[in-house]
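Notes follow the structure.
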Amino acid sequence: MGKSGTPHYKKYVPSKHPSAGGRKRIPPLMWVGVAGLLLLVAGLAVLLRQPAQAAKAPQFTGGPKLAVDQAKIDFGTLPLDKPVKASFKLTNVGDQTLEIAGLPKVEVKQGC
């Protein structure tokens, strides 16, 4: 103890600094590192992405031309009133825009 009866060491007093109070400040250099890492990940994602299919050369020149992936759909023998469902892919293999005006007409005949 000192001459006046007080201890010779100082009592700890917490800082009044704004960053005190349980919340730590993140150094600006860390923010730069996080931003750089995000840019690196985004850049790699763009580079490693599967390339889009290149436009194929048209199989037909002089206008649009429709190609169907199946020439025939055969369900075998079915009653005429039984609903069925079929899918097929239509592709424009021409060198100009193909426009379909109106709804396509499908006709089903017995015995086909």
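Naming scheme: A, B, ... for chains in displayed order of the structure tokens; residues 1 onward per chain; ligands 1 onward as shown.
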Which neighbours of Gly62 of chain A fall inside 9 Å, counting only C-alpha atoms, when residues of the same chain fewer than 4 positions from it are skipped, and could you give them as a JSON list (two decimals) with N, CA and C atoms, in the first residue's frame?
```
[["chain", "number", "residue", "atom", "x", "y", "z"],
["A", 94, "GLY", "N", -34.20, -25.54, -90.94],
["A", 94, "GLY", "CA", -33.98, -24.60, -92.04],
["A", 94, "GLY", "C", -33.14, -23.42, -91.60],
["A", 95, "ASP", "N", -32.87, -22.53, -92.56],
["A", 95, "ASP", "CA", -32.03, -21.38, -92.28],
["A", 95, "ASP", "C", -32.84, -20.10, -92.03],
["A", 96, "GLN", "N", -34.16, -20.21, -91.98],
["A", 96, "GLN", "CA", -35.01, -19.06, -91.70],
["A", 96, "GLN", "C", -35.97, -19.41, -90.56]]
```
Which residue is closest to Val93 of chain A? Choose from A:Pro58, A:Pro27, A:Gly36, A:Pro79 and count only C-alpha atoms.
A:Pro58
Between A:Leu38, A:Leu44, A:Val32, A:Gln70, single out the one closest to Phe88 of chain A, counting only C-alpha atoms.
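Smallest distance to Phe88 of chain A is found for A:Gln70.
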Interatomic distance (Å, one decimal) between atom CA of Phe75 of chain A and atom CA of Thr91 of chain A
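Taking atom CA of Phe75 of chain A as the start and atom CA of Thr91 of chain A as the end point, the length is 23.4 Å.
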